[in-house]
Amino acid sequence: FSDLSVKPGPIVPPLEELTGRVTLQEDVLIANNVTGRMRLLTFPTMDFQVTGLTGKPVVSAAINGPLRFAGTGGPAAGKLLRKYGLQSLSGSGAINMRARYDHAKPEQWETNGSFLLEGIQAKTHPAGVLLEDLRGRVTWNRERSLDITLTSLMGRVNRSTFRFDGEVSRAGTPRMILDLKAHSEHLNLAHVGDLVPALEELGLAGKLDMDLDLHLPFADPPKSRIEGVLKTSGVALRLPSGDLAVREGDADLKFSGNAARIHEATFLLNDQKLSLSGEITRSSELNARLFLKSPNLNIDRLLPETGEGGAPDSKPPRRRKEETEAGKRPEEGRGRAELPRLFRTMTAELELQAERGQYHGQEFQDLTVKA
């Protein structure tokens, strides 16, 4: 076949200019040397095989060759881009991927391959944040769990540079291991939130500089290791609970193997000015010595009671209809949230000093609390 167009479904863009060869023998469909495009995306060579057509089919696919993203495209392509928060997307790359899906065992789907990015450019809609010169290689393998490797993945977000190298093993499982080197310079977190819709509800803002080397085995916290520095300026975020919001966060943290030193971190927590310093060390468990100061502390603002509004400048997270059962509130049926395993055995010494403040309407001065 050649110059074929197929509309897979109401929400999937049409496959156009398809060429290739299809054969059907008994219960097996084979498609070889298939090429084509989907609006902005030009596909490389693809091969497919489907067995068990009359029962529960098994689909195998192989994709190998160059990919190309073609700017803004026409009106239909522009509409598709805006659906995903983009004005334009361009650049090229190469993919080498294999996948297998068995309808009788949908949870055991398999895929492996690599994706080479070469100068990807994107612009968000409507904010106009620029992702420039995204390069690097992403390699993955998924059998029983997903392993991902990032090799020299780098680029710029509105001229602020970032780079990632490392591996994520057993992603999405309790035994996940994160080995990652992360670097950024003056990275605007609001721009990152605009590029990554999943971060939108955090209300990120401020600048981030980091140069970190991380080893985090989630199932074995005592073996965790972090090296490097992290600095923030004017950071803001809303915590997922919706009850706490941070603004104007300036921090200077240094990590050295088993220790994290907070030289000074100042921020507004629910509009309460706080400063934090201290040290967190790790041997077989976490040990923390922290000093928290405030010139005027309204404890009621930090501990909102049930029925009170959310944190300042916070918005309730949007929920898709399918995320909740009919007739139930989103909060119903949830178990109590647990701290990550790393923090469940933490020993902490905390000293709180407040020049003045109030709690349940009662004012106080020169408060010092040690715990």
# chains A, B, ... in the order shown; residues from 1 in each chain; ligands from 1
$ select_by_dssp --residues "region 14-167 of chain A" --states "alpha helix (DSSP H)" --output "MDAnalysis selection string"
chainID A and resid 75:83
$ residues_around --residues "Leu178 (chain A)" --least-positions-apart "6" --cutoff "9 Å" --atoms "only C-alpha atoms" --output "list of chain:residue names"
A:Gly166, A:Glu167, A:Val168, A:Ser169, A:Ala171, A:Leu214, A:His215, A:Leu216, A:Pro217, A:Phe218
$ residues_around --residues "Asp165 (chain A)" --least-positions-apart "5" --cutoff "12 Å" --atoms "only C-alpha atoms" --output "count of residues only"
22
$ residues_around --residues "Val6 (chain A)" --least-positions-apart "5" --cutoff "10 Å" --atoms "only C-alpha atoms" --output "list in words"
Pro13, Pro14, Leu15, Glu16, Glu17, Leu18 and Met38 of chain A
$ write_last_selection --atoms "all heavy atoms" --output "short mmCIF file (atom, residue, chain, number, x, y, z; two decimals), in the first residue's frame"
data_model
loop_
_atom_site.label_atom_id
_atom_site.label_comp_id
_atom_site.auth_asym_id
_atom_site.auth_seq_id
_atom_site.Cartn_x
_atom_site.Cartn_y
_atom_site.Cartn_z
N PRO A 13 -4.82 11.60 16.40
CA PRO A 13 -4.65 12.25 15.10
C PRO A 13 -4.51 11.22 13.99
O PRO A 13 -4.04 10.10 14.22
CB PRO A 13 -3.36 13.06 15.28
CG PRO A 13 -3.19 13.21 16.75
CD PRO A 13 -3.78 11.99 17.37
N PRO A 14 -4.91 11.55 12.77
CA PRO A 14 -4.83 10.59 11.67
C PRO A 14 -3.39 10.25 11.31
O PRO A 14 -2.49 11.09 11.40
CB PRO A 14 -5.53 11.32 10.52
CG PRO A 14 -5.42 12.78 10.86
CD PRO A 14 -5.48 12.85 12.35
N LEU A 15 -3.18 9.01 10.90
CA LEU A 15 -1.91 8.57 10.32
C LEU A 15 -1.99 8.81 8.82
O LEU A 15 -2.93 8.34 8.16
CB LEU A 15 -1.68 7.10 10.63
CG LEU A 15 -1.65 6.70 12.11
CD1 LEU A 15 -1.60 5.19 12.24
CD2 LEU A 15 -0.46 7.34 12.80
N GLU A 16 -1.04 9.55 8.30
CA GLU A 16 -1.12 9.99 6.91
C GLU A 16 0.13 9.57 6.14
O GLU A 16 1.18 9.30 6.71
CB GLU A 16 -1.27 11.51 6.86
CG GLU A 16 -2.51 12.02 7.60
CD GLU A 16 -2.54 13.52 7.74
OE1 GLU A 16 -1.50 14.10 8.12
OE2 GLU A 16 -3.59 14.11 7.47
N GLU A 17 -0.03 9.51 4.81
CA GLU A 17 1.06 9.18 3.89
C GLU A 17 1.71 7.85 4.26
O GLU A 17 2.93 7.68 4.18
CB GLU A 17 2.10 10.30 3.87
CG GLU A 17 1.54 11.64 3.40
CD GLU A 17 2.56 12.76 3.43
OE1 GLU A 17 3.75 12.45 3.62
OE2 GLU A 17 2.17 13.93 3.28
N LEU A 18 0.88 6.89 4.66
CA LEU A 18 1.40 5.58 5.05
C LEU A 18 1.79 4.77 3.82
O LEU A 18 1.05 4.71 2.83
CB LEU A 18 0.33 4.81 5.84
CG LEU A 18 0.00 5.35 7.24
CD1 LEU A 18 -1.20 4.62 7.80
CD2 LEU A 18 1.20 5.21 8.17
N MET A 38 2.26 11.64 11.46
CA MET A 38 1.09 12.00 12.25
C MET A 38 1.19 13.49 12.56
O MET A 38 1.90 13.90 13.46
CB MET A 38 1.01 11.19 13.54
CG MET A 38 -0.20 11.51 14.43
SD MET A 38 -0.14 10.65 16.02
CE MET A 38 -0.46 8.98 15.50
#
$ atom_distance --atom1 "CA of Tyr101 (chain A)" --atom2 "CA of Gly52 (chain A)"
12.0 Å
$ residues_around --residues "Ala127 (chain A)" --least-positions-apart "4" --cutoff "9 Å" --atoms "only C-alpha atoms" --output "list in words"
Lys123, His191 and Asp194 of chain A
$ atom_distance --atom1 "CA of Glu200 (chain A)" --atom2 "CA of Ala236 (chain A)"
12.3 Å
$ select_by_dssp --residues "region 131-161 of chain A" --states "strand (DSSP E)" --output "JSON, numbers by chain"
{"A": [131, 132, 133, 134, 135, 136, 137, 138, 139, 140, 141, 142, 146, 147, 148, 149, 150, 151, 152, 153, 154, 155, 156, 157, 160, 161]}
$ closest_residue --among "A:Leu187, A:Val34, A:Ala288, A:Leu297" --to "Ala354 (chain A)" --atoms "only C-alpha atoms"
A:Leu297
$ residues_around --residues "Asn188 (chain A)" --least-positions-apart "2" --cutoff "8 Å" --atoms "only C-alpha atoms" --output "list in words"
Val157, Ser160, His186, Ala190, His191, Val192, Ala205, Gly206, Lys207 and Leu208 of chain A
$ residues_around --residues "region 86-97 of chain A" --least-positions-apart "5" --cutoff "7 Å" --atoms "only C-alpha atoms" --output "list of chain:residue names"
A:Ala62, A:Ile63, A:Asn64, A:Gly65, A:Pro66, A:Leu67, A:Arg68, A:Phe69, A:Ala70, A:Gly71, A:Thr72, A:Gly78, A:Leu81, A:Asn112, A:Gly113, A:Ser114, A:Phe115, A:Leu116, A:Leu117, A:Glu118, A:Gly119, A:Ile120, A:Gln121, A:Ala122, A:Lys123, A:Thr124, A:His125
$ closest_residue --among "A:Asn141, A:Ser275, A:Thr51, A:Ser224" --to "Gly249 (chain A)" --atoms "only C-alpha atoms"
A:Ser275
$ closest_residue --among "A:Arg156, A:Arg225, A:Lys231, A:Arg175" --to "Leu195 (chain A)" --atoms "only C-alpha atoms"
A:Arg156
